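Below you'll find the structure, written out as structure tokens, and then a few comments.
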Amino acid sequence: MTKYIFVTGGVVSGLGKGITAASLGRLLKARGFKVAAQKLDPYINVDPGTMSPYQHGEVYVTEDGAETDLDLGHYERFINEDLNKYSNLTTGKVYWNVLNKERRGEYLGSTVQVIPHITNEIKEFVYNVGNHSGADIVITEIGGTIGDIESQPFIEAVRQISLEVGRENSLFIHVTLVPYLHGSEEHKSKPTQHSVKELQGMGVNPNIIVLRCDEPLEESIFKKISLFCNVKPDCVIENITLPNLYEAPLMLEKANFSAVVCRELGLEAKEPNLESWTEMVKKIKNRPYTVHIGLVGKYVGLHDAYLSVAEAMRHAGYFHNTHIKIHWIDSEKITAENVEETLKDLDGIIVPGGFGDRGIEGMILSAKYARENSVPYFGICLGMQIAVIEYARNVLGIADANSGEFDEQCRHKVIDFMPGQTNDIDKGGTLRLGAYPCVIAQGTTMEKCYGKTEISERHRHRYEFNNDYREKMKEAGLTLSGMSPDGTLVETVELTNEPFFVGVQYHPEFKSRPNKPHPLFKGFIGAAFHRMQNKKP
């Protein structure tokens, strides 16, 4: 029978429940189990697709086109399993489904209530992820903090699941903060005790408590929490803040985390095979070089807005044995007067995805600087569109070239709505989403990076390269290096004769893994590394 693990958080948000869940997934997979992961988010949005990156960080996209919470990126990177639409559920989606069922008369005249109708919808979703994936173990993270009003239906639903599948097939892990008071020079267990008491008041007794801390804890803290929170002594696990998040599985395994989990679930398991992960972490710690990359974007005030892009660059850095120093550059502050001074010391420039016209001109100036100075350039989604606009303006001589997104009245929309997209449709869930195939032209940078001519990548966009400008662009030297299989959509562009100047309409960062970096990021960082090594002293 499928085993269910539920991860909750207490005291404060942002404790690293997602990293704890992802690390456990990696450890259980290393023991030979098939693992699936999901996130239950209490907010009332149907999905994070229409939320500002400043509110919620990046929107992560699955293979089947679900717009999800960024924690799913951690799950995929650690567990190396493609997740799906059953991997992220919000309060908004729950109520949307329940209300639609009520309108269709599926409740046969019943009064629709939180219990059982809302909780049943949540339970069905949790069961579906296991049924859909055939997983031995389903790890479910519940967003927010214990005590939040909006998370109560989720806690009640997983409490019911525990009863339905049996205590031997379910496990509760509670992640809490253990603060250190410098005045008295001691760690405090009371916040954890209060958080566990709150959880117990909702009918859930945690089996394992994970203590988030910045410094090693005294033995007395473990004993006190074990006694007052009613858990076994070895079920209190320390989780110290680490310089690199990929060390987390190894640190937790030193505390016998996965062994304790398997014991509590009655699972017989072989010892985890963590050799390759351990070697990767050793390599991460011993990188002699540093490459400087300028990330030019409009949401640089919140690094989580570009989380997967930053991680994908770091993955490629591991491969090339180099640190990636990211310079977070606000595109709104780049002008024709300061662009050279801002970018001149960089080894590479990346322009990631985004929406709206704010900061666009600074991105265009950055693409122009990269092209004219042979600085490796990587444009992702919006970054590809920026490269096309810049090329049209400064090489083709179309001074007013622009995107229909930024200027609806523009005469030369080199980027415009793709088929089926208009301003009139709802914003949520209507983009081109999920995995689509792409055919790569031979002899291109794209082919050199991928080593093949047929690929599949994940998309999230509404605008596309305008086919009316295809021939003009090609005649002017821009290579249309990747196309949809039917030839109707331009998926990638490049300057093949440059060390690396590539723009892609899709989001390759979603498929990068720490021990298997994405081919395009490997190519980009490799070109930046080469530039760094050949700089004049």
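In the structure tokens, chains take letters A, B, ... by order of appearance, with residues numbered from 1 within each chain and ligands from 1 in the order shown.
If you count only C-alpha atoms and ignore residues fewer than 5 places along the chain from Ile19 of chain A, what sits within 10 Å of it is A:Leu24, A:Gly25, A:Asp71, A:His74, A:Tyr75, A:Phe78, A:Leu245, A:Tyr246, A:Ala248, A:Pro249.
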Env of segment 459-475 of chain A: 8 Å cut, atoms = only C-alpha atoms, seq-sep filter 3 positions within chain, self excluded. Answer as a PDB file with N, CA, C and O atoms, in the first residue's frame.
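Written output follows (part-v8.pdb):
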ATOM      1  N   VAL A  61       6.612  25.464 -13.793  1.00  0.00           N
ATOM      2  CA  VAL A  61       5.712  24.820 -14.756  1.00  0.00           C
ATOM      3  C   VAL A  61       6.088  23.350 -14.905  1.00  0.00           C
ATOM      4  O   VAL A  61       7.256  23.009 -15.120  1.00  0.00           O
ATOM      5  N   GLY A  65       1.911  21.147 -17.987  1.00  0.00           N
ATOM      6  CA  GLY A  65       1.417  22.514 -18.121  1.00  0.00           C
ATOM      7  C   GLY A  65       0.761  23.112 -16.901  1.00  0.00           C
ATOM      8  O   GLY A  65       0.078  24.124 -17.015  1.00  0.00           O
ATOM      9  N   CYS A 381      12.716  33.115 -22.892  1.00  0.00           N
ATOM     10  CA  CYS A 381      11.338  33.586 -23.054  1.00  0.00           C
ATOM     11  C   CYS A 381      11.348  35.077 -23.404  1.00  0.00           C
ATOM     12  O   CYS A 381      11.629  35.446 -24.536  1.00  0.00           O
ATOM     13  N   GLN A 385      12.762  37.351 -26.859  1.00  0.00           N
ATOM     14  CA  GLN A 385      12.019  38.407 -27.535  1.00  0.00           C
ATOM     15  C   GLN A 385      12.804  39.717 -27.521  1.00  0.00           C
ATOM     16  O   GLN A 385      12.812  40.469 -28.509  1.00  0.00           O
ATOM     17  N   VAL A 388      15.396  39.592 -30.238  1.00  0.00           N
ATOM     18  CA  VAL A 388      14.794  39.791 -31.567  1.00  0.00           C
ATOM     19  C   VAL A 388      14.498  41.273 -31.800  1.00  0.00           C
ATOM     20  O   VAL A 388      14.781  41.821 -32.876  1.00  0.00           O
ATOM     21  N   ALA A 392      16.246  43.634 -34.661  1.00  0.00           N
ATOM     22  CA  ALA A 392      15.426  44.339 -35.653  1.00  0.00           C
ATOM     23  C   ALA A 392      15.727  45.835 -35.653  1.00  0.00           C
ATOM     24  O   ALA A 392      15.847  46.462 -36.711  1.00  0.00           O
ATOM     25  N   LEU A 396      18.584  45.433 -38.583  1.00  0.00           N
ATOM     26  CA  LEU A 396      17.690  45.639 -39.722  1.00  0.00           C
ATOM     27  C   LEU A 396      17.366  47.119 -39.930  1.00  0.00           C
ATOM     28  O   LEU A 396      16.892  47.491 -41.002  1.00  0.00           O
ATOM     29  N   GLU A 405       3.110  43.324 -26.915  1.00  0.00           N
ATOM     30  CA  GLU A 405       2.870  43.365 -25.477  1.00  0.00           C
ATOM     31  C   GLU A 405       3.247  44.726 -24.905  1.00  0.00           C
ATOM     32  O   GLU A 405       2.602  45.223 -23.987  1.00  0.00           O
ATOM     33  N   LYS A 413       5.595  45.078 -35.220  1.00  0.00           N
ATOM     34  CA  LYS A 413       5.555  44.148 -34.091  1.00  0.00           C
ATOM     35  C   LYS A 413       6.323  42.882 -34.478  1.00  0.00           C
ATOM     36  O   LYS A 413       5.752  41.933 -35.022  1.00  0.00           O
ATOM     37  N   VAL A 414       7.611  42.904 -34.200  1.00  0.00           N
ATOM     38  CA  VAL A 414       8.412  41.709 -34.520  1.00  0.00           C
ATOM     39  C   VAL A 414       8.089  40.581 -33.540  1.00  0.00           C
ATOM     40  O   VAL A 414       8.378  39.408 -33.804  1.00  0.00           O
ATOM     41  N   ILE A 415       7.483  40.925 -32.408  1.00  0.00           N
ATOM     42  CA  ILE A 415       6.935  39.948 -31.448  1.00  0.00           C
ATOM     43  C   ILE A 415       5.456  40.274 -31.297  1.00  0.00           C
ATOM     44  O   ILE A 415       5.088  41.429 -31.074  1.00  0.00           O
ATOM     45  N   ASP A 416       4.606  39.268 -31.426  1.00  0.00           N
ATOM     46  CA  ASP A 416       3.178  39.533 -31.341  1.00  0.00           C
ATOM     47  C   ASP A 416       2.456  38.325 -30.754  1.00  0.00           C
ATOM     48  O   ASP A 416       3.067  37.274 -30.516  1.00  0.00           O
ATOM     49  N   PHE A 417       1.142  38.472 -30.553  1.00  0.00           N
ATOM     50  CA  PHE A 417       0.345  37.356 -30.031  1.00  0.00           C
ATOM     51  C   PHE A 417       0.568  36.109 -30.870  1.00  0.00           C
ATOM     52  O   PHE A 417       0.648  36.177 -32.105  1.00  0.00           O
ATOM     53  N   MET A 418       0.663  34.981 -30.216  1.00  0.00           N
ATOM     54  CA  MET A 418       0.704  33.721 -30.938  1.00  0.00           C
ATOM     55  C   MET A 418      -0.730  33.291 -31.257  1.00  0.00           C
ATOM     56  O   MET A 418      -1.687  33.842 -30.682  1.00  0.00           O
ATOM     57  N   GLN A 421      -4.183  33.511 -28.996  1.00  0.00           N
ATOM     58  CA  GLN A 421      -4.019  34.406 -27.858  1.00  0.00           C
ATOM     59  C   GLN A 421      -4.475  35.818 -28.232  1.00  0.00           C
ATOM     60  O   GLN A 421      -4.178  36.307 -29.315  1.00  0.00           O
ATOM     61  N   LEU A 431      -1.995  30.793 -21.016  1.00  0.00           N
ATOM     62  CA  LEU A 431      -0.748  30.888 -21.763  1.00  0.00           C
ATOM     63  C   LEU A 431      -0.478  29.582 -22.495  1.00  0.00           C
ATOM     64  O   LEU A 431      -1.167  28.581 -22.286  1.00  0.00           O
ATOM     65  N   ARG A 432       0.533  29.583 -23.327  1.00  0.00           N
ATOM     66  CA  ARG A 432       1.022  28.320 -23.891  1.00  0.00           C
ATOM     67  C   ARG A 432       1.850  27.655 -22.792  1.00  0.00           C
ATOM     68  O   ARG A 432       2.918  28.153 -22.427  1.00  0.00           O
ATOM     69  N   LEU A 433       1.354  26.553 -22.270  1.00  0.00           N
ATOM     70  CA  LEU A 433       1.928  25.976 -21.057  1.00  0.00           C
ATOM     71  C   LEU A 433       2.333  24.521 -21.259  1.00  0.00           C
ATOM     72  O   LEU A 433       1.659  23.756 -21.945  1.00  0.00           O
ATOM     73  N   GLY A 434       3.447  24.138 -20.641  1.00  0.00           N
ATOM     74  CA  GLY A 434       3.864  22.745 -20.631  1.00  0.00           C
ATOM     75  C   GLY A 434       4.825  22.389 -21.738  1.00  0.00           C
ATOM     76  O   GLY A 434       5.345  23.244 -22.455  1.00  0.00           O
ATOM     77  N   ALA A 435       5.071  21.098 -21.883  1.00  0.00           N
ATOM     78  CA  ALA A 435       6.099  20.599 -22.799  1.00  0.00           C
ATOM     79  C   ALA A 435       5.619  20.591 -24.247  1.00  0.00           C
ATOM     80  O   ALA A 435       4.509  20.139 -24.541  1.00  0.00           O
ATOM     81  N   TYR A 436       6.462  21.104 -25.132  1.00  0.00           N
ATOM     82  CA  TYR A 436       6.223  21.071 -26.574  1.00  0.00           C
ATOM     83  C   TYR A 436       7.510  20.666 -27.280  1.00  0.00           C
ATOM     84  O   TYR A 436       8.603  21.019 -26.832  1.00  0.00           O
ATOM     85  N   LEU A 478      20.420  36.665 -38.619  1.00  0.00           N
ATOM     86  CA  LEU A 478      19.911  35.997 -37.427  1.00  0.00           C
ATOM     87  C   LEU A 478      19.511  34.570 -37.790  1.00  0.00           C
ATOM     88  O   LEU A 478      18.736  34.356 -38.724  1.00  0.00           O
ATOM     89  N   THR A 479      20.017  33.600 -37.057  1.00  0.00           N
ATOM     90  CA  THR A 479      19.702  32.200 -37.325  1.00  0.00           C
ATOM     91  C   THR A 479      18.448  31.794 -36.553  1.00  0.00           C
ATOM     92  O   THR A 479      18.389  31.941 -35.332  1.00  0.00           O
ATOM     93  N   LEU A 480      17.459  31.300 -37.279  1.00  0.00           N
ATOM     94  CA  LEU A 480      16.259  30.750 -36.637  1.00  0.00           C
ATOM     95  C   LEU A 480      16.553  29.265 -36.408  1.00  0.00           C
ATOM     96  O   LEU A 480      16.282  28.420 -37.258  1.00  0.00           O
ATOM     97  N   THR A 488       5.604  26.255 -37.942  1.00  0.00           N
ATOM     98  CA  THR A 488       4.815  27.480 -37.817  1.00  0.00           C
ATOM     99  C   THR A 488       5.335  28.432 -36.740  1.00  0.00           C
ATOM    100  O   THR A 488       5.059  29.627 -36.794  1.00  0.00           O
ATOM    101  N   LEU A 489       6.071  27.922 -35.759  1.00  0.00           N
ATOM    102  CA  LEU A 489       6.522  28.760 -34.659  1.00  0.00           C
ATOM    103  C   LEU A 489       8.045  28.766 -34.560  1.00  0.00           C
ATOM    104  O   LEU A 489       8.674  27.702 -34.604  1.00  0.00           O
ATOM    105  N   VAL A 490       8.623  29.947 -34.431  1.00  0.00           N
ATOM    106  CA  VAL A 490      10.057  30.080 -34.192  1.00  0.00           C
ATOM    107  C   VAL A 490      10.289  29.925 -32.688  1.00  0.00           C
ATOM    108  O   VAL A 490       9.835  30.749 -31.893  1.00  0.00           O
ATOM    109  N   GLU A 491      10.978  28.865 -32.308  1.00  0.00           N
ATOM    110  CA  GLU A 491      11.182  28.577 -30.889  1.00  0.00           C
ATOM    111  C   GLU A 491      12.521  29.088 -30.365  1.00  0.00           C
ATOM    112  O   GLU A 491      12.648  29.392 -29.179  1.00  0.00           O
ATOM    113  N   GLN A 505      12.411  30.504 -26.637  1.00  0.00           N
ATOM    114  CA  GLN A 505      11.078  30.919 -26.208  1.00  0.00           C
ATOM    115  C   GLN A 505      10.585  30.116 -25.000  1.00  0.00           C
ATOM    116  O   GLN A 505       9.674  30.529 -24.292  1.00  0.00           O
ATOM    117  N   TYR A 506      11.208  29.005 -24.739  1.00  0.00           N
ATOM    118  CA  TYR A 506      10.798  28.132 -23.636  1.00  0.00           C
ATOM    119  C   TYR A 506      11.639  28.399 -22.386  1.00  0.00           C
ATOM    120  O   TYR A 506      12.472  29.318 -22.346  1.00  0.00           O
ATOM    121  N   HIS A 507      11.423  27.576 -21.350  1.00  0.00           N
ATOM    122  CA  HIS A 507      12.105  27.750 -20.061  1.00  0.00           C
ATOM    123  C   HIS A 507      12.965  26.519 -19.748  1.00  0.00           C
ATOM    124  O   HIS A 507      12.530  25.613 -19.028  1.00  0.00           O
TER     125      HIS A 507
END
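If you look at atom CA of Asp234 of chain A and atom CA of Ser151 of chain A, they are 28.4 Å away from each other.
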Residues near segment 294-300 of chain A, cut-off 7 Å, only C-alpha atoms, skip fewer than 5 positions along chain, as an MDAnalysis selection string: chainID A and resid 305 326:332 346 348:352 359 363
DSSP alpha helix (DSSP H) residues within segment 273-443 of chain A, as a ChimeraX atom specification: /A:275-285,307-319,339-343,360-372,382-394
Residues near Val504 of chain A, cut-off 7 Å, only C-alpha atoms, skip fewer than 4 positions along chain, as a VMD selection string: chain A and resid 379 to 381 384 491 to 493
Sorted by chain and rising residue number, which residues of segment 5-61 of chain A lie within 9 Å of segment 128-134 of chain A, and what are their closest atom pairs and distances in Å to one decimal, counting only C-alpha atoms, as CSV?
residue,atom,partner,partner_atom,distance
A:Lys34,CA,A:Gly134,CA,7.8
A:Val35,CA,A:Ser133,CA,8.5
A:Ala36,CA,A:Ser133,CA,6.9
A:Ala37,CA,A:Val129,CA,7.9
A:Gln38,CA,A:Val129,CA,7.6
For Gly443 of chain A: contacts at 10 Å, only C-alpha atoms, fewer than 3 positions along chain excluded, given as a list in words: Ile440, Met446, Glu447, Lys448, Thr453, Ser481 and Thr496 of chain A
Selected residue of minimal separation from Lys101 of chain A among A:Ile118, A:Arg458, A:Val236, A:His303, counting only C-alpha atoms: A:Ile118
Selection: 10 Å around Arg371 of chain A, only C-alpha atoms, excl. self and same-chain fewer than 3 positions, as a ChimeraX atom specification: /A:365-368,374-377,387,390-391,495,498,500-501
Would you save the residues from that selection as a tab-separated table (two decimals), in the first residue's frame, using N, CA and C atoms?
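The resulting file, result.tsv, is reproduced below:
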chain	number	residue	atom	x	y	z
A	365	LEU	N	19.14	47.31	-24.30
A	365	LEU	CA	20.50	47.85	-24.29
A	365	LEU	C	21.51	46.78	-23.87
A	366	SER	N	21.12	45.91	-22.94
A	366	SER	CA	22.01	44.83	-22.49
A	366	SER	C	22.26	43.83	-23.61
A	367	ALA	N	21.20	43.46	-24.34
A	367	ALA	CA	21.35	42.54	-25.47
A	367	ALA	C	22.24	43.15	-26.55
A	368	LYS	N	22.07	44.44	-26.79
A	368	LYS	CA	22.90	45.15	-27.79
A	368	LYS	C	24.37	45.14	-27.37
A	374	SER	N	30.59	40.65	-28.17
A	374	SER	CA	30.78	39.19	-28.12
A	374	SER	C	30.77	38.64	-26.69
A	375	VAL	N	29.93	39.24	-25.85
A	375	VAL	CA	29.73	38.71	-24.50
A	375	VAL	C	28.68	37.60	-24.59
A	376	PRO	N	28.94	36.42	-24.04
A	376	PRO	CA	27.92	35.35	-24.08
A	376	PRO	C	26.58	35.86	-23.56
A	377	TYR	N	25.55	35.63	-24.37
A	377	TYR	CA	24.20	36.11	-24.05
A	377	TYR	C	23.23	34.94	-24.10
A	387	ALA	N	16.07	39.95	-27.56
A	387	ALA	CA	17.14	39.80	-28.55
A	387	ALA	C	16.62	40.05	-29.96
A	390	GLU	N	15.94	43.86	-30.36
A	390	GLU	CA	17.21	44.58	-30.48
A	390	GLU	C	17.81	44.38	-31.86
A	391	TYR	N	17.76	43.17	-32.38
A	391	TYR	CA	18.33	42.87	-33.71
A	391	TYR	C	17.56	43.61	-34.79
A	495	LEU	N	22.92	33.75	-32.88
A	495	LEU	CA	23.99	34.21	-33.77
A	495	LEU	C	25.05	33.12	-33.73
A	498	GLU	N	28.84	33.62	-33.08
A	498	GLU	CA	29.29	34.16	-31.80
A	498	GLU	C	29.62	33.01	-30.84
A	500	PHE	N	28.57	32.46	-27.87
A	500	PHE	CA	27.26	32.00	-27.40
A	500	PHE	C	26.31	33.19	-27.40
A	501	PHE	N	25.37	33.16	-28.31
A	501	PHE	CA	24.31	34.18	-28.34
A	501	PHE	C	23.04	33.46	-28.75
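For the pair atom CA of Pro116 of chain A and atom CA of Ile161 of chain A, the separation is 12.4 Å.
Going from atom CA of Pro508 of chain A to atom CA of Val309 of chain A covers 8.5 Å.
Checking A:Tyr95, A:Pro233, A:Glu63, A:Arg26 one by one against Ser456 of chain A, counting only C-alpha atoms, you find the shortest gap at A:Glu63.
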Exercise: segment 511-513 of chain A partners within 10 Å, only C-alpha atoms, chain neighbours under 6 positions left out, as a list in words: Val61, Thr62, Glu63, Gly73, His74, Glu76, Arg77, Phe78, Ile79, Asn80, Asp82, Ser308, Val309, Glu311, Ala312, Met313, Arg314, His315, Ala316, Glu457, Arg458, Pro519, Leu520, Phe521 and Lys522 of chain A
Return as a short mmCIF file (atom, residue, chain, number, x, y, z; two decimals) with all heavy atoms, in the first residue's frame the full set of residues in segment 201-325 of chain A whose backbone-based DSSP assignment is strand (DSSP E or B).
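File written: states_25.cif
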data_model
loop_
_atom_site.label_atom_id
_atom_site.label_comp_id
_atom_site.auth_asym_id
_atom_site.auth_seq_id
_atom_site.Cartn_x
_atom_site.Cartn_y
_atom_site.Cartn_z
N ILE A 208 7.73 12.88 13.85
CA ILE A 208 9.11 13.36 13.78
C ILE A 208 9.09 14.89 13.82
O ILE A 208 8.24 15.51 13.18
CB ILE A 208 9.80 12.88 12.48
CG1 ILE A 208 9.90 11.35 12.47
CG2 ILE A 208 11.18 13.51 12.32
CD1 ILE A 208 10.40 10.77 11.16
N ILE A 209 10.01 15.47 14.58
CA ILE A 209 10.13 16.93 14.64
C ILE A 209 11.51 17.31 14.10
O ILE A 209 12.54 16.80 14.58
CB ILE A 209 9.94 17.46 16.07
CG1 ILE A 209 8.53 17.11 16.57
CG2 ILE A 209 10.16 18.97 16.12
CD1 ILE A 209 8.28 17.47 18.01
N VAL A 210 11.53 18.17 13.10
CA VAL A 210 12.77 18.65 12.49
C VAL A 210 13.01 20.07 12.99
O VAL A 210 12.17 20.95 12.82
CB VAL A 210 12.70 18.62 10.96
CG1 VAL A 210 13.96 19.22 10.34
CG2 VAL A 210 12.51 17.18 10.47
N LEU A 211 14.16 20.27 13.61
CA LEU A 211 14.47 21.54 14.25
C LEU A 211 15.38 22.39 13.37
O LEU A 211 16.54 22.03 13.14
CB LEU A 211 15.15 21.30 15.61
CG LEU A 211 14.42 20.36 16.58
CD1 LEU A 211 15.23 20.17 17.84
CD2 LEU A 211 13.03 20.91 16.90
N ARG A 212 14.85 23.49 12.87
CA ARG A 212 15.65 24.39 12.05
C ARG A 212 16.42 25.36 12.95
O ARG A 212 15.84 26.02 13.81
CB ARG A 212 14.73 25.18 11.09
CG ARG A 212 15.47 26.14 10.18
CD ARG A 212 16.37 25.40 9.19
NE ARG A 212 17.19 26.33 8.45
CZ ARG A 212 16.81 26.94 7.32
NH1 ARG A 212 15.61 26.70 6.82
NH2 ARG A 212 17.64 27.77 6.71
N CYS A 213 17.73 25.43 12.73
CA CYS A 213 18.59 26.27 13.57
C CYS A 213 19.79 26.73 12.76
O CYS A 213 20.12 26.15 11.72
CB CYS A 213 19.04 25.50 14.82
SG CYS A 213 19.75 23.88 14.44
N VAL A 236 13.71 13.38 16.95
CA VAL A 236 13.98 14.82 16.95
C VAL A 236 15.24 15.03 16.14
O VAL A 236 16.33 14.59 16.54
CB VAL A 236 14.14 15.37 18.38
CG1 VAL A 236 14.32 16.88 18.35
CG2 VAL A 236 12.93 15.00 19.23
N ILE A 237 15.10 15.67 14.99
CA ILE A 237 16.18 15.77 14.00
C ILE A 237 16.63 17.22 13.86
O ILE A 237 15.81 18.13 13.73
CB ILE A 237 15.72 15.25 12.62
CG1 ILE A 237 15.13 13.84 12.74
CG2 ILE A 237 16.85 15.31 11.60
CD1 ILE A 237 16.12 12.76 13.00
N GLU A 238 17.94 17.42 13.85
CA GLU A 238 18.51 18.76 13.69
C GLU A 238 18.67 19.09 12.21
O GLU A 238 19.12 18.27 11.42
CB GLU A 238 19.87 18.80 14.38
CG GLU A 238 20.56 20.13 14.38
CD GLU A 238 21.90 20.05 15.09
OE1 GLU A 238 22.81 19.36 14.57
OE2 GLU A 238 22.03 20.66 16.16
N ASN A 239 18.31 20.32 11.85
CA ASN A 239 18.45 20.79 10.46
C ASN A 239 19.12 22.17 10.50
O ASN A 239 18.48 23.19 10.63
CB ASN A 239 17.07 20.88 9.79
CG ASN A 239 17.17 21.27 8.31
OD1 ASN A 239 18.25 21.57 7.81
ND2 ASN A 239 16.04 21.29 7.64
N ILE A 240 20.45 22.16 10.38
CA ILE A 240 21.24 23.39 10.48
C ILE A 240 21.28 24.10 9.13
O ILE A 240 21.36 23.46 8.08
CB ILE A 240 22.67 23.08 10.96
CG1 ILE A 240 22.64 22.37 12.31
CG2 ILE A 240 23.50 24.36 11.06
CD1 ILE A 240 24.00 21.94 12.80
N TYR A 289 37.50 28.37 -9.54
CA TYR A 289 37.28 29.52 -10.41
C TYR A 289 35.98 30.25 -10.06
O TYR A 289 35.11 29.71 -9.38
CB TYR A 289 37.22 29.08 -11.88
CG TYR A 289 38.41 28.25 -12.31
CD1 TYR A 289 38.28 26.86 -12.48
CD2 TYR A 289 39.64 28.84 -12.56
CE1 TYR A 289 39.37 26.09 -12.88
CE2 TYR A 289 40.73 28.08 -12.96
CZ TYR A 289 40.59 26.70 -13.11
OH TYR A 289 41.66 25.95 -13.50
N THR A 290 35.85 31.46 -10.58
CA THR A 290 34.62 32.23 -10.43
C THR A 290 34.27 32.90 -11.76
O THR A 290 35.13 33.54 -12.37
CB THR A 290 34.76 33.32 -9.34
OG1 THR A 290 35.05 32.70 -8.09
CG2 THR A 290 33.47 34.12 -9.21
N VAL A 291 33.04 32.71 -12.18
CA VAL A 291 32.52 33.34 -13.40
C VAL A 291 31.47 34.36 -12.98
O VAL A 291 30.62 34.08 -12.13
CB VAL A 291 31.92 32.29 -14.35
CG1 VAL A 291 31.08 32.96 -15.43
CG2 VAL A 291 33.02 31.46 -15.00
N HIS A 292 31.52 35.55 -13.57
CA HIS A 292 30.61 36.64 -13.21
C HIS A 292 29.51 36.77 -14.28
O HIS A 292 29.79 37.05 -15.44
CB HIS A 292 31.37 37.96 -13.09
CG HIS A 292 32.35 37.97 -11.94
ND1 HIS A 292 32.03 38.48 -10.71
CD2 HIS A 292 33.62 37.49 -11.84
CE1 HIS A 292 33.06 38.33 -9.90
NE2 HIS A 292 34.05 37.74 -10.55
N ILE A 293 28.27 36.52 -13.85
CA ILE A 293 27.12 36.57 -14.76
C ILE A 293 26.19 37.70 -14.33
O ILE A 293 25.80 37.78 -13.16
CB ILE A 293 26.34 35.24 -14.75
CG1 ILE A 293 27.26 34.06 -15.13
CG2 ILE A 293 25.14 35.33 -15.71
CD1 ILE A 293 27.81 34.11 -16.54
N GLY A 294 25.81 38.53 -15.28
CA GLY A 294 24.83 39.57 -15.01
C GLY A 294 23.44 39.08 -15.34
O GLY A 294 23.15 38.72 -16.49
N LEU A 295 22.58 39.00 -14.33
CA LEU A 295 21.18 38.64 -14.55
C LEU A 295 20.41 39.96 -14.63
O LEU A 295 20.25 40.66 -13.63
CB LEU A 295 20.65 37.75 -13.44
CG LEU A 295 19.26 37.15 -13.66
CD1 LEU A 295 19.12 35.81 -12.93
CD2 LEU A 295 18.15 38.09 -13.22
N VAL A 296 19.97 40.30 -15.84
CA VAL A 296 19.31 41.58 -16.08
C VAL A 296 17.80 41.34 -16.10
O VAL A 296 17.27 40.70 -17.00
CB VAL A 296 19.77 42.19 -17.43
CG1 VAL A 296 19.10 43.55 -17.65
CG2 VAL A 296 21.29 42.35 -17.44
N GLY A 297 17.12 41.84 -15.07
CA GLY A 297 15.68 41.59 -14.97
C GLY A 297 14.98 42.72 -14.25
O GLY A 297 15.59 43.68 -13.80
N THR A 322 33.35 25.71 -11.44
CA THR A 322 33.49 27.13 -11.18
C THR A 322 32.31 27.67 -10.37
O THR A 322 31.18 27.19 -10.50
CB THR A 322 33.61 27.92 -12.50
OG1 THR A 322 33.83 29.29 -12.21
CG2 THR A 322 32.36 27.79 -13.35
N HIS A 323 32.59 28.63 -9.51
CA HIS A 323 31.53 29.35 -8.81
C HIS A 323 30.83 30.29 -9.79
O HIS A 323 31.47 30.85 -10.69
CB HIS A 323 32.11 30.20 -7.67
CG HIS A 323 32.57 29.40 -6.50
ND1 HIS A 323 31.72 28.98 -5.51
CD2 HIS A 323 33.80 28.93 -6.17
CE1 HIS A 323 32.40 28.29 -4.61
NE2 HIS A 323 33.66 28.24 -4.98
N ILE A 324 29.54 30.46 -9.60
CA ILE A 324 28.79 31.43 -10.39
C ILE A 324 28.45 32.61 -9.49
O ILE A 324 27.66 32.48 -8.56
CB ILE A 324 27.49 30.82 -10.97
CG1 ILE A 324 27.81 29.56 -11.78
CG2 ILE A 324 26.76 31.85 -11.83
CD1 ILE A 324 28.73 29.76 -12.96
N LYS A 325 29.06 33.74 -9.76
CA LYS A 325 28.75 34.96 -9.03
C LYS A 325 27.69 35.71 -9.84
O LYS A 325 27.97 36.23 -10.92
CB LYS A 325 30.00 35.82 -8.87
CG LYS A 325 29.75 37.22 -8.31
CD LYS A 325 29.16 37.20 -6.91
CE LYS A 325 28.99 38.62 -6.37
NZ LYS A 325 28.33 38.64 -5.06
#
